[in-house]
file data-v4.tsv (TSV, N, CA and C atoms)
chain	number	residue	atom	x	y	z
A	1310	MET	N	9.07	-6.04	21.52
A	1310	MET	CA	9.51	-4.67	21.41
A	1310	MET	C	10.45	-4.54	20.22
A	1311	ALA	N	10.57	-3.35	19.72
A	1311	ALA	CA	11.40	-3.11	18.55
A	1311	ALA	C	12.87	-3.37	18.82
A	1312	SER	N	13.26	-3.29	20.06
A	1312	SER	CA	14.66	-3.48	20.39
A	1312	SER	C	15.08	-4.94	20.36
A	1313	GLY	N	14.11	-5.85	20.30
A	1313	GLY	CA	14.43	-7.27	20.33
A	1313	GLY	C	14.30	-7.85	21.72
A	1314	TYR	N	13.97	-7.02	22.69
A	1314	TYR	CA	13.78	-7.46	24.07
A	1314	TYR	C	12.32	-7.27	24.46
A	1315	GLY	N	11.86	-8.06	25.40
A	1315	GLY	CA	10.49	-7.96	25.85
A	1315	GLY	C	10.26	-6.77	26.76
A	1316	LEU	N	9.04	-6.64	27.24
A	1316	LEU	CA	8.69	-5.51	28.11
A	1316	LEU	C	9.47	-5.53	29.42
A	1317	ASP	N	9.79	-6.72	29.90
A	1317	ASP	CA	10.52	-6.82	31.17
A	1317	ASP	C	12.04	-6.80	30.97
A	1318	GLY	N	12.50	-6.61	29.75
A	1318	GLY	CA	13.94	-6.54	29.48
A	1318	GLY	C	14.56	-7.88	29.16
A	1319	ALA	N	13.80	-8.96	29.27
A	1319	ALA	CA	14.34	-10.28	28.99
A	1319	ALA	C	14.32	-10.54	27.49
A	1320	HIS	N	15.33	-11.22	27.02
A	1320	HIS	CA	15.41	-11.55	25.60
A	1320	HIS	C	14.51	-12.75	25.35
A	1321	ALA	N	13.82	-12.75	24.26
A	1321	ALA	CA	12.86	-13.81	23.96
A	1321	ALA	C	13.52	-15.09	23.48
A	1322	GLY	N	14.80	-15.10	23.28
A	1322	GLY	CA	15.48	-16.30	22.80
A	1322	GLY	C	15.72	-16.26	21.31
A	1323	ILE	N	14.80	-15.66	20.57
A	1323	ILE	CA	14.99	-15.45	19.14
A	1323	ILE	C	14.81	-13.97	18.86
A	1324	ALA	N	15.46	-13.51	17.84
A	1324	ALA	CA	15.38	-12.08	17.51
A	1324	ALA	C	13.98	-11.75	16.98
A	1325	PHE	N	13.49	-10.63	17.37
A	1325	PHE	CA	12.23	-10.11	16.87
A	1325	PHE	C	12.34	-9.98	15.36
A	1326	LYS	N	11.27	-10.29	14.62
A	1326	LYS	CA	11.36	-10.33	13.17
A	1326	LYS	C	11.76	-9.00	12.54
A	1327	CYS	N	11.45	-7.90	13.18
A	1327	CYS	CA	11.78	-6.58	12.63
A	1327	CYS	C	13.06	-6.00	13.23
A	1328	PHE	N	13.72	-6.76	14.07
A	1328	PHE	CA	14.92	-6.26	14.73
A	1328	PHE	C	16.02	-5.84	13.76
A	1329	PRO	N	16.28	-6.59	12.67
A	1329	PRO	CA	17.31	-6.11	11.72
A	1329	PRO	C	16.96	-4.75	11.11
A	1330	PHE	N	15.68	-4.52	10.86
A	1330	PHE	CA	15.26	-3.23	10.31
A	1330	PHE	C	15.45	-2.12	11.35
A	1331	TRP	N	15.17	-2.46	12.60
A	1331	TRP	CA	15.37	-1.49	13.68
A	1331	TRP	C	16.86	-1.14	13.80
A	1332	GLN	N	17.72	-2.15	13.70
A	1332	GLN	CA	19.16	-1.90	13.78
A	1332	GLN	C	19.63	-1.00	12.65
A	1333	ASP	N	19.12	-1.24	11.44
A	1333	ASP	CA	19.49	-0.39	10.30
A	1333	ASP	C	19.05	1.05	10.53
A	1334	LEU	N	17.82	1.22	11.02
A	1334	LEU	CA	17.31	2.56	11.28
A	1334	LEU	C	18.12	3.25	12.37
A	1335	LEU	N	18.40	2.54	13.43
A	1335	LEU	CA	19.15	3.13	14.54
A	1335	LEU	C	20.57	3.50	14.12
A	1336	SER	N	21.23	2.61	13.38
A	1336	SER	CA	22.60	2.93	12.95
A	1336	SER	C	22.62	4.11	11.99
A	1337	CYS	N	21.64	4.21	11.10
A	1337	CYS	CA	21.55	5.35	10.20
A	1337	CYS	C	21.34	6.63	11.00
A	1338	TYR	N	20.46	6.57	11.97
A	1338	TYR	CA	20.14	7.74	12.78
A	1338	TYR	C	21.37	8.21	13.57
A	1339	VAL	N	22.08	7.25	14.14
A	1339	VAL	CA	23.27	7.60	14.94
A	1339	VAL	C	24.35	8.22	14.06
A	1340	VAL	N	24.57	7.64	12.89
A	1340	VAL	CA	25.61	8.13	11.99
A	1340	VAL	C	25.26	9.51	11.44
A	1341	ASN	N	23.99	9.73	11.10
A	1341	ASN	CA	23.60	10.95	10.40
A	1341	ASN	C	23.14	12.08	11.31
A	1342	THR	N	22.93	11.82	12.56
A	1342	THR	CA	22.55	12.91	13.48
A	1342	THR	C	23.61	12.97	14.57
A	1343	GLY	N	24.51	13.85	14.40
A	1343	GLY	CA	25.60	13.99	15.37
A	1343	GLY	C	25.28	15.11	16.35
A	1344	THR	N	26.26	15.92	16.56
A	1344	THR	CA	26.11	17.03	17.52
A	1344	THR	C	25.45	18.25	16.89
A	1345	THR	N	25.16	18.19	15.60
A	1345	THR	CA	24.52	19.34	14.95
A	1345	THR	C	23.07	19.46	15.40
A	1346	THR	N	22.56	20.65	15.36
A	1346	THR	CA	21.19	20.88	15.80
A	1346	THR	C	20.20	20.83	14.65
A	1347	SER	N	20.69	20.68	13.42
A	1347	SER	CA	19.76	20.64	12.28
A	1347	SER	C	19.14	19.25	12.15
A	1348	ASP	N	17.98	19.23	11.53
A	1348	ASP	CA	17.27	17.97	11.31
A	1348	ASP	C	17.62	17.35	9.96
A	1349	GLU	N	18.61	17.88	9.31
A	1349	GLU	CA	18.98	17.42	7.97
A	1349	GLU	C	19.35	15.94	7.95
A	1350	GLY	N	20.05	15.47	8.96
A	1350	GLY	CA	20.50	14.08	9.00
A	1350	GLY	C	19.37	13.07	9.12
A	1351	LYS	N	18.28	13.47	9.77
A	1351	LYS	CA	17.16	12.55	9.95
A	1351	LYS	C	16.53	12.16	8.62
A	1352	TRP	N	16.54	13.10	7.67
A	1352	TRP	CA	15.90	12.84	6.38
A	1352	TRP	C	16.66	11.80	5.57
A	1353	LYS	N	17.90	11.56	5.89
A	1353	LYS	CA	18.67	10.54	5.19
A	1353	LYS	C	18.22	9.13	5.58
A	1354	CYS	N	17.50	9.02	6.69
A	1354	CYS	CA	17.09	7.71	7.21
A	1354	CYS	C	15.65	7.35	6.85
A	1355	VAL	N	15.02	8.11	5.99
A	1355	VAL	CA	13.62	7.84	5.63
A	1355	VAL	C	13.44	6.45	5.02
A	1356	PRO	N	14.30	5.99	4.09
A	1356	PRO	CA	14.11	4.63	3.56
A	1356	PRO	C	14.19	3.55	4.64
A	1357	GLN	N	15.11	3.69	5.58
A	1357	GLN	CA	15.23	2.71	6.67
A	1357	GLN	C	13.99	2.75	7.56
A	1358	ARG	N	13.50	3.96	7.83
A	1358	ARG	CA	12.29	4.10	8.64
A	1358	ARG	C	11.09	3.46	7.94
A	1359	ASP	N	10.97	3.68	6.64
A	1359	ASP	CA	9.87	3.09	5.89
A	1359	ASP	C	9.92	1.56	5.89
A	1360	ASP	N	11.12	1.01	5.75
A	1360	ASP	CA	11.27	-0.45	5.81
A	1360	ASP	C	10.87	-1.00	7.18
A	1361	TYR	N	11.28	-0.30	8.22
A	1361	TYR	CA	10.94	-0.74	9.58
A	1361	TYR	C	9.43	-0.68	9.81
A	1362	TYR	N	8.79	0.41	9.40
A	1362	TYR	CA	7.34	0.54	9.57
A	1362	TYR	C	6.59	-0.51	8.74
A	1363	GLU	N	7.09	-0.81	7.55
A	1363	GLU	CA	6.45	-1.84	6.73
A	1363	GLU	C	6.56	-3.20	7.40
A	1364	CYS	N	7.70	-3.47	8.00
A	1364	CYS	CA	7.86	-4.74	8.71
A	1364	CYS	C	6.88	-4.84	9.87
A	1365	LEU	N	6.66	-3.73	10.56
A	1365	LEU	CA	5.75	-3.74	11.71
A	1365	LEU	C	4.28	-3.84	11.31
A	1366	HIS	N	3.88	-3.07	10.28
A	1366	HIS	CA	2.46	-2.89	9.99
A	1366	HIS	C	1.97	-3.51	8.69
A	1367	HIS	N	2.85	-3.83	7.76
A	1367	HIS	CA	2.50	-4.48	6.48
A	1367	HIS	C	1.50	-3.67	5.65
A	1368	LYS	N	1.51	-2.35	5.74
A	1368	LYS	CA	0.52	-1.55	5.03
A	1368	LYS	C	0.69	-1.63	3.51
A	1369	LYS	N	1.91	-1.61	3.02
A	1369	LYS	CA	2.13	-1.72	1.57
A	1369	LYS	C	1.69	-3.08	1.07
A	1370	GLU	N	2.02	-4.11	1.84
A	1370	GLU	CA	1.62	-5.46	1.46
A	1370	GLU	C	0.11	-5.59	1.41
A	1371	ILE	N	-0.58	-5.02	2.38
A	1371	ILE	CA	-2.04	-5.08	2.42
A	1371	ILE	C	-2.63	-4.35	1.22
A	1372	ARG	N	-2.10	-3.15	0.91
A	1372	ARG	CA	-2.61	-2.39	-0.24
A	1372	ARG	C	-2.40	-3.15	-1.54
A	1373	LYS	N	-1.24	-3.78	-1.71
A	1373	LYS	CA	-0.98	-4.55	-2.92
A	1373	LYS	C	-1.91	-5.75	-3.02
A	1374	THR	N	-2.13	-6.41	-1.91
A	1374	THR	CA	-3.03	-7.56	-1.88
A	1374	THR	C	-4.45	-7.15	-2.25
A	1375	GLN	N	-4.90	-6.02	-1.71
A	1375	GLN	CA	-6.24	-5.52	-2.04
A	1375	GLN	C	-6.35	-5.16	-3.52
A	1376	ALA	N	-5.31	-4.57	-4.09
A	1376	ALA	CA	-5.32	-4.22	-5.51
A	1376	ALA	C	-5.36	-5.47	-6.39
A	1377	ILE	N	-4.61	-6.50	-6.02
A	1377	ILE	CA	-4.62	-7.75	-6.77
A	1377	ILE	C	-5.99	-8.41	-6.69
A	1378	LYS	N	-6.57	-8.41	-5.51
A	1378	LYS	CA	-7.89	-9.02	-5.33
A	1378	LYS	C	-8.95	-8.27	-6.11
A	1379	ALA	N	-8.89	-6.94	-6.12
A	1379	ALA	CA	-9.86	-6.13	-6.87
A	1379	ALA	C	-9.72	-6.38	-8.37
A	1380	ALA	N	-8.50	-6.46	-8.87
A	1380	ALA	CA	-8.27	-6.73	-10.28
A	1380	ALA	C	-8.77	-8.13	-10.65
A	1381	TYR	N	-8.52	-9.08	-9.78
A	1381	TYR	CA	-8.99	-10.45	-10.01
A	1381	TYR	C	-10.52	-10.48	-10.08
A	1382	ASN	N	-11.18	-9.81	-9.13
A	1382	ASN	CA	-12.64	-9.80	-9.12
A	1382	ASN	C	-13.23	-9.08	-10.34
A	1383	ARG	N	-12.57	-7.97	-10.78
A	1383	ARG	CA	-13.03	-7.28	-11.99
A	1383	ARG	C	-12.94	-8.20	-13.20
A	1384	ARG	N	-11.81	-8.90	-13.31
A	1384	ARG	CA	-11.63	-9.81	-14.45
A	1384	ARG	C	-12.63	-10.95	-14.40
A	1385	LEU	N	-12.93	-11.43	-13.21
A	1385	LEU	CA	-13.90	-12.51	-13.05
A	1385	LEU	C	-15.30	-12.07	-13.44
A	1386	LYS	N	-15.64	-10.79	-13.16
A	1386	LYS	CA	-16.95	-10.26	-13.57
A	1386	LYS	C	-17.05	-10.14	-15.08
A	1387	GLN	N	-15.94	-9.75	-15.72
A	1387	GLN	CA	-15.94	-9.60	-17.18
A	1387	GLN	C	-16.04	-10.95	-17.88
A	1388	ASP	N	-15.34	-11.93	-17.36
A	1388	ASP	CA	-15.30	-13.25	-17.98
A	1388	ASP	C	-15.40	-14.32	-16.89
A	1389	PRO	N	-16.62	-14.84	-16.66
A	1389	PRO	CA	-16.81	-15.83	-15.59
A	1389	PRO	C	-16.00	-17.11	-15.79
A	1390	ASN	N	-15.59	-17.40	-17.01
A	1390	ASN	CA	-14.80	-18.60	-17.29
A	1390	ASN	C	-13.30	-18.35	-17.20
A	1391	PHE	N	-12.93	-17.17	-16.75
A	1391	PHE	CA	-11.53	-16.77	-16.65
A	1391	PHE	C	-10.74	-17.72	-15.75
A	1392	ASP	N	-11.31	-18.09	-14.62
A	1392	ASP	CA	-10.61	-18.95	-13.66
A	1392	ASP	C	-11.51	-20.14	-13.35
A	1393	THR	N	-11.00	-21.32	-13.61
A	1393	THR	CA	-11.81	-22.53	-13.41
A	1393	THR	C	-11.61	-23.16	-12.05
A	1394	ARG	N	-10.75	-22.53	-11.22
A	1394	ARG	CA	-10.54	-23.09	-9.88
A	1394	ARG	C	-11.77	-22.85	-9.00
A	1395	LYS	N	-11.87	-23.65	-7.97
A	1395	LYS	CA	-12.97	-23.50	-7.01
A	1395	LYS	C	-12.72	-22.25	-6.17
A	1396	PRO	N	-13.78	-21.60	-5.66
A	1396	PRO	CA	-13.61	-20.37	-4.86
A	1396	PRO	C	-12.73	-20.56	-3.64
A	1397	GLU	N	-12.79	-21.71	-2.99
A	1397	GLU	CA	-11.95	-21.92	-1.80
A	1397	GLU	C	-10.47	-22.04	-2.17
A	1398	GLU	N	-10.17	-22.37	-3.43
A	1398	GLU	CA	-8.78	-22.48	-3.86
A	1398	GLU	C	-8.15	-21.11	-4.09
A	1399	VAL	N	-8.97	-20.09	-4.32
A	1399	VAL	CA	-8.45	-18.74	-4.55
A	1399	VAL	C	-8.85	-17.79	-3.43
A	1400	ALA	N	-9.37	-18.32	-2.34
A	1400	ALA	CA	-9.83	-17.47	-1.24
A	1400	ALA	C	-8.69	-16.69	-0.61
A	1401	ASP	N	-7.53	-17.30	-0.48
A	1401	ASP	CA	-6.39	-16.61	0.13
A	1401	ASP	C	-5.52	-16.02	-0.96
A	1402	ILE	N	-5.83	-14.81	-1.33
A	1402	ILE	CA	-5.12	-14.12	-2.41
A	1402	ILE	C	-3.68	-13.83	-2.01
A	1403	ARG	N	-3.39	-13.67	-0.71
A	1403	ARG	CA	-2.03	-13.33	-0.26
A	1403	ARG	C	-1.02	-14.39	-0.61
A	1404	SER	N	-1.41	-15.64	-0.59
A	1404	SER	CA	-0.45	-16.70	-0.88
A	1404	SER	C	-0.26	-16.88	-2.38
A	1405	LEU	N	-1.14	-16.28	-3.19
A	1405	LEU	CA	-1.09	-16.39	-4.65
A	1405	LEU	C	-1.09	-17.85	-5.11
A	1406	GLY	N	-1.65	-18.72	-4.29
A	1406	GLY	CA	-1.72	-20.12	-4.65
A	1406	GLY	C	-0.40	-20.85	-4.49
A	1407	LEU	N	0.59	-20.22	-3.90
A	1407	LEU	CA	1.89	-20.86	-3.75
A	1407	LEU	C	1.94	-21.82	-2.58
A	1408	LEU	N	1.16	-21.54	-1.55
A	1408	LEU	CA	1.14	-22.39	-0.37
A	1408	LEU	C	-0.18	-23.14	-0.33
A	1409	GLN	N	-0.14	-24.42	-0.39
A	1409	GLN	CA	-1.34	-25.22	-0.38
A	1409	GLN	C	-1.62	-25.73	1.02
A	1410	LYS	N	-2.85	-25.55	1.47
A	1410	LYS	CA	-3.24	-26.05	2.80
A	1410	LYS	C	-3.65	-27.50	2.67
A	1411	LYS	N	-3.35	-28.25	3.72
A	1411	LYS	CA	-3.74	-29.66	3.73
A	1411	LYS	C	-4.96	-29.85	4.60
call {"tool": "encode", "arguments": {"input": "data-v4.tsv", "output": "structure tokens"}}
result
Amino acid sequence: MASGYGLDGAHAGIAFKCFPFWQDLLSCYVVNTGTTTSDEGKWKCVPQRDDYYECLHHKKEIRKTQAIKAAYNRRLKQDPNFDTRKPEEVADIRSLGLLQKK
């Protein structure tokens, strides 16, 4: 759960990976939305909300990965000798070749 606790209320022993982002969003929301009835304060928390949603869903990361992969494939079509690595060595575009599997 976003709160860092499981469905039954028990703590998992380690903090949920997005829990710091949730805390930032919650603290921003509490500080900026007081007793006023306007929604003006909520708009101040949009960056924190976006960070929290990105942590949960990785949509920006996925879009960037797809763009990198598309650019790589376009370049490979233009010049087949562009990359001399084997296809299995470049299969995982997300790691950018930084993490080698054994």
call {"tool": "atom_distance", "arguments": {"input": "data-v4.tsv", "atom1": "atom CA of Val1355 of chain A", "atom2": "atom CA of Ala1376 of chain A"}}
result
25.1 Å
call {"tool": "atom_distance", "arguments": {"input": "data-v4.tsv", "atom1": "atom CA of Cys1327 of chain A", "atom2": "atom N of Tyr1361 of chain A"}}
result
7.7 Å
call {"tool": "atom_distance", "arguments": {"input": "data-v4.tsv", "atom1": "atom N of Lys1326 of chain A", "atom2": "atom C of Thr1342 of chain A"}}
result
26.3 Å
